[in-house]
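Structure, as structure tokens:
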Amino acid sequence: MTRQPGPSPLLIACALGIEHLALRTGDRGGAGGPVTVLRTGMGPKAAERSVTRVLADPALGEAAVLATGFCAGLAPGMHPGDLVVAEETRDPRSTVPCVGTDRLVKELARAAPGRTVHTGPLTGSDHVVRGPGRADLLATGAIAVDMESAATLLSAVRTGARPVAAVRVVVDAPEHELVRIGTVRGGISAFRVLRSVLPAFFEWHRSLPLPRR
């Protein structure tokens, strides 16, 4: 039996204060249901604790979960401000498939015209990855890396069946590492892109089938 039509909740999880600020100051109109923006703190352990705790609230029992924020691009040719839509997230414990990636790509192109959208596996790390570490991860097939998405999505699906996704904004890449000149400009670009894409998250959420009871 399907549940009665009604708004379903959406949990958007990010790690950093600057990411949270971008999401709080973005366009919040058009949400298809209650939206919670959670700042988890940095690193996979913090993300796991925060997401597990928040999803224990019965009001979020059927919430869709979207992990977002900044990431490091792994593939040559990536630039700050590019978008990454994960087809799956990976870490040493598991691989979690993402839902509705085609819809996200379409809506992100609309919300951030002119920005390149990359799709592929998003891998997790417990530390900032630089130099040779990027090449090692790229060799696994991953196109980007961050510290929280994999832990966020794994924690989400462990608490119950739910749609999950991850969208990240590239803040540094092989030719644009954070330690180099241009970091500030790249960071501002990534902040503006993240702030602009909330409508795409809401449209993704609207497109999801209602959960079954």
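By order of appearance in the structure tokens: chains A, B, ..., then residues from 1 within every chain, and ligands from 1 in the order shown.
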Item checked: Within 6 Å of segment 81-83 of chain A using only C-alpha atoms, minus same-chain residues under 5 positions, as a list of chain:residue names ->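 Residues meeting the cut-off are A:Arg115, A:Thr116, A:Val117, A:Arg168, A:Val169, A:Val170, A:Ser189, A:Ala190.
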Listing only residues of segment 140-164 of chain A within 8 Å of segment 66-77 of chain A, what is the closest atom pair and its distance in Å (to one decimal) for each, using only C-alpha atoms, sorted by chain and residue number ascending, as a Markdown table?
| residue | atom | partner | partner_atom | distance |
| --- | --- | --- | --- | --- |
| A:Ala142 | CA | A:Leu74 | CA | 7.4 |
| A:Ile143 | CA | A:Leu74 | CA | 5.2 |
| A:Ala144 | CA | A:Gly73 | CA | 4.4 |
| A:Val145 | CA | A:Ala72 | CA | 5.4 |
| A:Asp146 | CA | A:Cys71 | CA | 5.0 |
| A:Glu148 | CA | A:Ala67 | CA | 7.9 |
| A:Ser149 | CA | A:Ala67 | CA | 5.5 |
| A:Thr152 | CA | A:Ala67 | CA | 6.6 |
| A:Leu153 | CA | A:Ala67 | CA | 7.2 |
| A:Val164 | CA | A:Leu66 | CA | 5.6 |
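Picture a line from atom CA of Ala64 of chain A to atom CA of Ser94 of chain A; it runs 19.2 Å.
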Next item on the list: Identify, with DSSP run on backbone atoms, the residues in segment 2-212 of chain A assigned to strand (DSSP E or B), and express the list as number ranges by chain.
Entry: A: 2, 10-14, 35-39, 64-73, 83-91, 94-97, 117-124, 144-146, 164-173, 176, 212
Take the selection from the previous step and output its residues with C-alpha atoms, as a PDB file, in the first residue's frame.
ATOM      1  CA  THR A   2       1.381   3.397  -0.933  1.00  0.00           C
ATOM      2  CA  LEU A  10      14.833  16.166   2.488  1.00  0.00           C
ATOM      3  CA  LEU A  11      18.093  16.162   4.439  1.00  0.00           C
ATOM      4  CA  ILE A  12      20.957  18.065   2.823  1.00  0.00           C
ATOM      5  CA  ALA A  13      24.262  17.362   4.565  1.00  0.00           C
ATOM      6  CA  CYS A  14      27.484  19.341   4.296  1.00  0.00           C
ATOM      7  CA  VAL A  35      14.146  20.642   4.209  1.00  0.00           C
ATOM      8  CA  THR A  36      16.842  20.216   6.852  1.00  0.00           C
ATOM      9  CA  VAL A  37      20.351  21.508   6.126  1.00  0.00           C
ATOM     10  CA  LEU A  38      22.812  19.733   8.411  1.00  0.00           C
ATOM     11  CA  ARG A  39      26.394  20.761   9.069  1.00  0.00           C
ATOM     12  CA  ALA A  64      15.833  11.511   1.166  1.00  0.00           C
ATOM     13  CA  VAL A  65      19.478  12.383   1.822  1.00  0.00           C
ATOM     14  CA  LEU A  66      21.758  14.435  -0.384  1.00  0.00           C
ATOM     15  CA  ALA A  67      25.415  14.993   0.496  1.00  0.00           C
ATOM     16  CA  THR A  68      26.955  18.158  -0.874  1.00  0.00           C
ATOM     17  CA  GLY A  69      29.761  20.680  -0.481  1.00  0.00           C
ATOM     18  CA  PHE A  70      33.190  20.997  -2.017  1.00  0.00           C
ATOM     19  CA  CYS A  71      35.490  18.292  -3.376  1.00  0.00           C
ATOM     20  CA  ALA A  72      38.801  17.710  -5.074  1.00  0.00           C
ATOM     21  CA  GLY A  73      38.617  16.767  -8.722  1.00  0.00           C
ATOM     22  CA  LEU A  83      30.034  20.099 -10.593  1.00  0.00           C
ATOM     23  CA  VAL A  84      30.284  16.406  -9.762  1.00  0.00           C
ATOM     24  CA  VAL A  85      27.209  14.180  -9.638  1.00  0.00           C
ATOM     25  CA  ALA A  86      28.095  10.878  -8.008  1.00  0.00           C
ATOM     26  CA  GLU A  87      26.843   7.708  -9.663  1.00  0.00           C
ATOM     27  CA  GLU A  88      27.975   5.981  -6.490  1.00  0.00           C
ATOM     28  CA  THR A  89      29.997   6.773  -3.392  1.00  0.00           C
ATOM     29  CA  ARG A  90      32.837   4.551  -2.243  1.00  0.00           C
ATOM     30  CA  ASP A  91      34.931   4.015   0.815  1.00  0.00           C
ATOM     31  CA  SER A  94      31.099  -0.110   1.018  1.00  0.00           C
ATOM     32  CA  THR A  95      29.806   1.243  -2.274  1.00  0.00           C
ATOM     33  CA  VAL A  96      26.457   3.062  -2.176  1.00  0.00           C
ATOM     34  CA  PRO A  97      24.592   3.617  -5.466  1.00  0.00           C
ATOM     35  CA  VAL A 117      28.835  18.650 -14.847  1.00  0.00           C
ATOM     36  CA  HIS A 118      30.884  15.460 -14.408  1.00  0.00           C
ATOM     37  CA  THR A 119      29.378  12.090 -13.495  1.00  0.00           C
ATOM     38  CA  GLY A 120      31.091   9.033 -12.061  1.00  0.00           C
ATOM     39  CA  PRO A 121      32.178   7.429  -8.799  1.00  0.00           C
ATOM     40  CA  LEU A 122      32.905   9.740  -5.860  1.00  0.00           C
ATOM     41  CA  THR A 123      35.396   8.276  -3.426  1.00  0.00           C
ATOM     42  CA  GLY A 124      35.885   8.997   0.260  1.00  0.00           C
ATOM     43  CA  ALA A 144      36.511  13.148  -7.406  1.00  0.00           C
ATOM     44  CA  VAL A 145      37.206  12.772  -3.692  1.00  0.00           C
ATOM     45  CA  ASP A 146      35.902  14.296  -0.482  1.00  0.00           C
ATOM     46  CA  VAL A 164      20.405   9.103  -1.592  1.00  0.00           C
ATOM     47  CA  ALA A 165      22.594  11.240  -3.824  1.00  0.00           C
ATOM     48  CA  ALA A 166      25.774  13.286  -3.715  1.00  0.00           C
ATOM     49  CA  VAL A 167      26.582  16.492  -5.576  1.00  0.00           C
ATOM     50  CA  ARG A 168      29.896  18.228  -5.064  1.00  0.00           C
ATOM     51  CA  VAL A 169      31.481  21.407  -6.397  1.00  0.00           C
ATOM     52  CA  VAL A 170      35.119  21.169  -7.425  1.00  0.00           C
ATOM     53  CA  VAL A 171      37.232  23.580  -5.413  1.00  0.00           C
ATOM     54  CA  ASP A 172      40.598  22.239  -6.523  1.00  0.00           C
ATOM     55  CA  ALA A 173      41.824  19.874  -9.224  1.00  0.00           C
ATOM     56  CA  HIS A 176      44.453  23.902  -9.686  1.00  0.00           C
ATOM     57  CA  ARG A 212       6.007   2.745   0.391  1.00  0.00           C
TER      58      ARG A 212
END
Next item on the list: Name the residues of segment 50-184 of chain A that fall into alpha helix (DSSP H) according to DSSP on the backbone, using the chain letters and numbers of this document, as a PyMOL selection string.
Entry: chain A and resi 50-55+101-111+132-138+149-158+183-184
For the selection just defined, write its residues with C-alpha atoms to a file, as a PDB file, in the first residue's frame.
ATOM      1  CA  SER A  50      25.780  13.533  12.781  1.00  0.00           C
ATOM      2  CA  VAL A  51      23.745  11.850  10.067  1.00  0.00           C
ATOM      3  CA  THR A  52      22.935   8.815  12.215  1.00  0.00           C
ATOM      4  CA  ARG A  53      21.824  11.063  15.076  1.00  0.00           C
ATOM      5  CA  VAL A  54      19.614  13.298  12.934  1.00  0.00           C
ATOM      6  CA  LEU A  55      17.956  10.433  11.071  1.00  0.00           C
ATOM      7  CA  THR A 101      21.557  11.024 -11.246  1.00  0.00           C
ATOM      8  CA  ASP A 102      20.191  11.811 -14.717  1.00  0.00           C
ATOM      9  CA  ARG A 103      17.616  14.152 -13.218  1.00  0.00           C
ATOM     10  CA  LEU A 104      20.284  15.857 -11.133  1.00  0.00           C
ATOM     11  CA  VAL A 105      22.505  16.412 -14.168  1.00  0.00           C
ATOM     12  CA  LYS A 106      19.587  17.959 -16.046  1.00  0.00           C
ATOM     13  CA  GLU A 107      18.562  20.237 -13.191  1.00  0.00           C
ATOM     14  CA  LEU A 108      22.129  21.310 -12.385  1.00  0.00           C
ATOM     15  CA  ALA A 109      22.667  22.322 -16.008  1.00  0.00           C
ATOM     16  CA  ARG A 110      19.583  24.497 -15.682  1.00  0.00           C
ATOM     17  CA  ALA A 111      20.531  25.969 -12.295  1.00  0.00           C
ATOM     18  CA  PRO A 132      50.387  11.412  -6.261  1.00  0.00           C
ATOM     19  CA  GLY A 133      47.388  10.504  -4.106  1.00  0.00           C
ATOM     20  CA  ARG A 134      45.098  11.941  -6.758  1.00  0.00           C
ATOM     21  CA  ALA A 135      46.570   9.709  -9.452  1.00  0.00           C
ATOM     22  CA  ASP A 136      46.160   6.647  -7.231  1.00  0.00           C
ATOM     23  CA  LEU A 137      42.472   7.381  -6.697  1.00  0.00           C
ATOM     24  CA  LEU A 138      41.893   8.241 -10.356  1.00  0.00           C
ATOM     25  CA  SER A 149      29.918  11.979   1.134  1.00  0.00           C
ATOM     26  CA  ALA A 150      30.598   8.246   1.354  1.00  0.00           C
ATOM     27  CA  ALA A 151      30.132   8.214   5.138  1.00  0.00           C
ATOM     28  CA  THR A 152      26.983  10.326   4.853  1.00  0.00           C
ATOM     29  CA  LEU A 153      25.304   8.059   2.317  1.00  0.00           C
ATOM     30  CA  LEU A 154      26.380   4.847   4.037  1.00  0.00           C
ATOM     31  CA  SER A 155      24.983   6.104   7.344  1.00  0.00           C
ATOM     32  CA  ALA A 156      21.773   7.162   5.602  1.00  0.00           C
ATOM     33  CA  VAL A 157      21.047   3.789   4.014  1.00  0.00           C
ATOM     34  CA  ARG A 158      21.997   1.930   7.176  1.00  0.00           C
ATOM     35  CA  THR A 183      42.989  29.375  -4.573  1.00  0.00           C
ATOM     36  CA  VAL A 184      40.886  32.290  -3.336  1.00  0.00           C
TER      37      VAL A 184
END
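Atom pair atom CA of Pro209 of chain A / atom CA of Glu62 of chain A has a distance of 11.7 Å (rounded to one decimal).
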Next item on the list: Name the residues in contact with Ala31 of chain A at a cut-off of 8 Å, using only C-alpha atoms, excluding same-chain residues fewer than 4 positions from it; report them as a list in words.
Entry: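 Skipping anything fewer than 4 positions along the chain leaves Val35, Pro199, Phe202, Glu203 and Arg206 of chain A.
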Kindly save the residues from that selection, with N, CA, C and O atoms included, as a compact mmCIF listing (two decimals), in the first residue's frame.
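Produced file out_16.txt, reproduced below:
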# COMPACT_ATOMS: atom_id res chain seq x y z
N VAL A 35 12.72 20.75 4.53
CA VAL A 35 14.15 20.64 4.21
C VAL A 35 14.97 20.92 5.46
O VAL A 35 14.77 21.94 6.13
N PRO A 199 17.95 24.93 -6.09
CA PRO A 199 16.76 24.56 -6.85
C PRO A 199 16.88 23.20 -7.54
O PRO A 199 15.89 22.47 -7.67
N PHE A 202 16.08 20.54 -5.02
CA PHE A 202 14.64 20.46 -4.76
C PHE A 202 13.91 19.75 -5.90
O PHE A 202 12.98 18.97 -5.66
N GLU A 203 14.31 20.02 -7.14
CA GLU A 203 13.68 19.34 -8.27
C GLU A 203 13.99 17.85 -8.26
O GLU A 203 13.13 17.02 -8.60
N ARG A 206 11.68 16.40 -5.70
CA ARG A 206 10.31 16.32 -6.20
C ARG A 206 10.11 15.13 -7.14
O ARG A 206 9.01 14.57 -7.22
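The shortest atom-to-atom distance to Gly61 of chain A, with only C-alpha atoms taken into account, belongs to A:Pro9 out of A:Leu194, A:Pro9, A:Pro92, A:Gly17.
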Notebook entry, point to check: Pick from A:Ala63, A:Leu16, A:Ala22, A:Ala47: nearest to Val197 of chain A, with only C-alpha atoms counted?
Noted result: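 Under the stated criterion, the closest residue is A:Ala22.
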Checklist line | Between atom CA of Phe191 of chain A and atom CA of Pro113 of chain A - distance in Å to one decimal | finding: 15.4 Å
Check: From the set A:Ala200, A:Ala56, A:Ala112, A:Val129, which residue has the shortest atom-to-atom contact distance to Gly160 of chain A, counting only C-alpha atoms?
Finding: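 Between A:Ala200, A:Ala56, A:Ala112, A:Val129, the residue approaching Gly160 of chain A most closely is A:Ala56.
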Check: Which residue out of A:Met78, A:Ile18, A:Met147, A:Leu208 has the minimum interatomic distance to His127 of chain A when only C-alpha atoms are used?
Finding: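 Answer, going by the shortest atom-to-atom distance: A:Met147.
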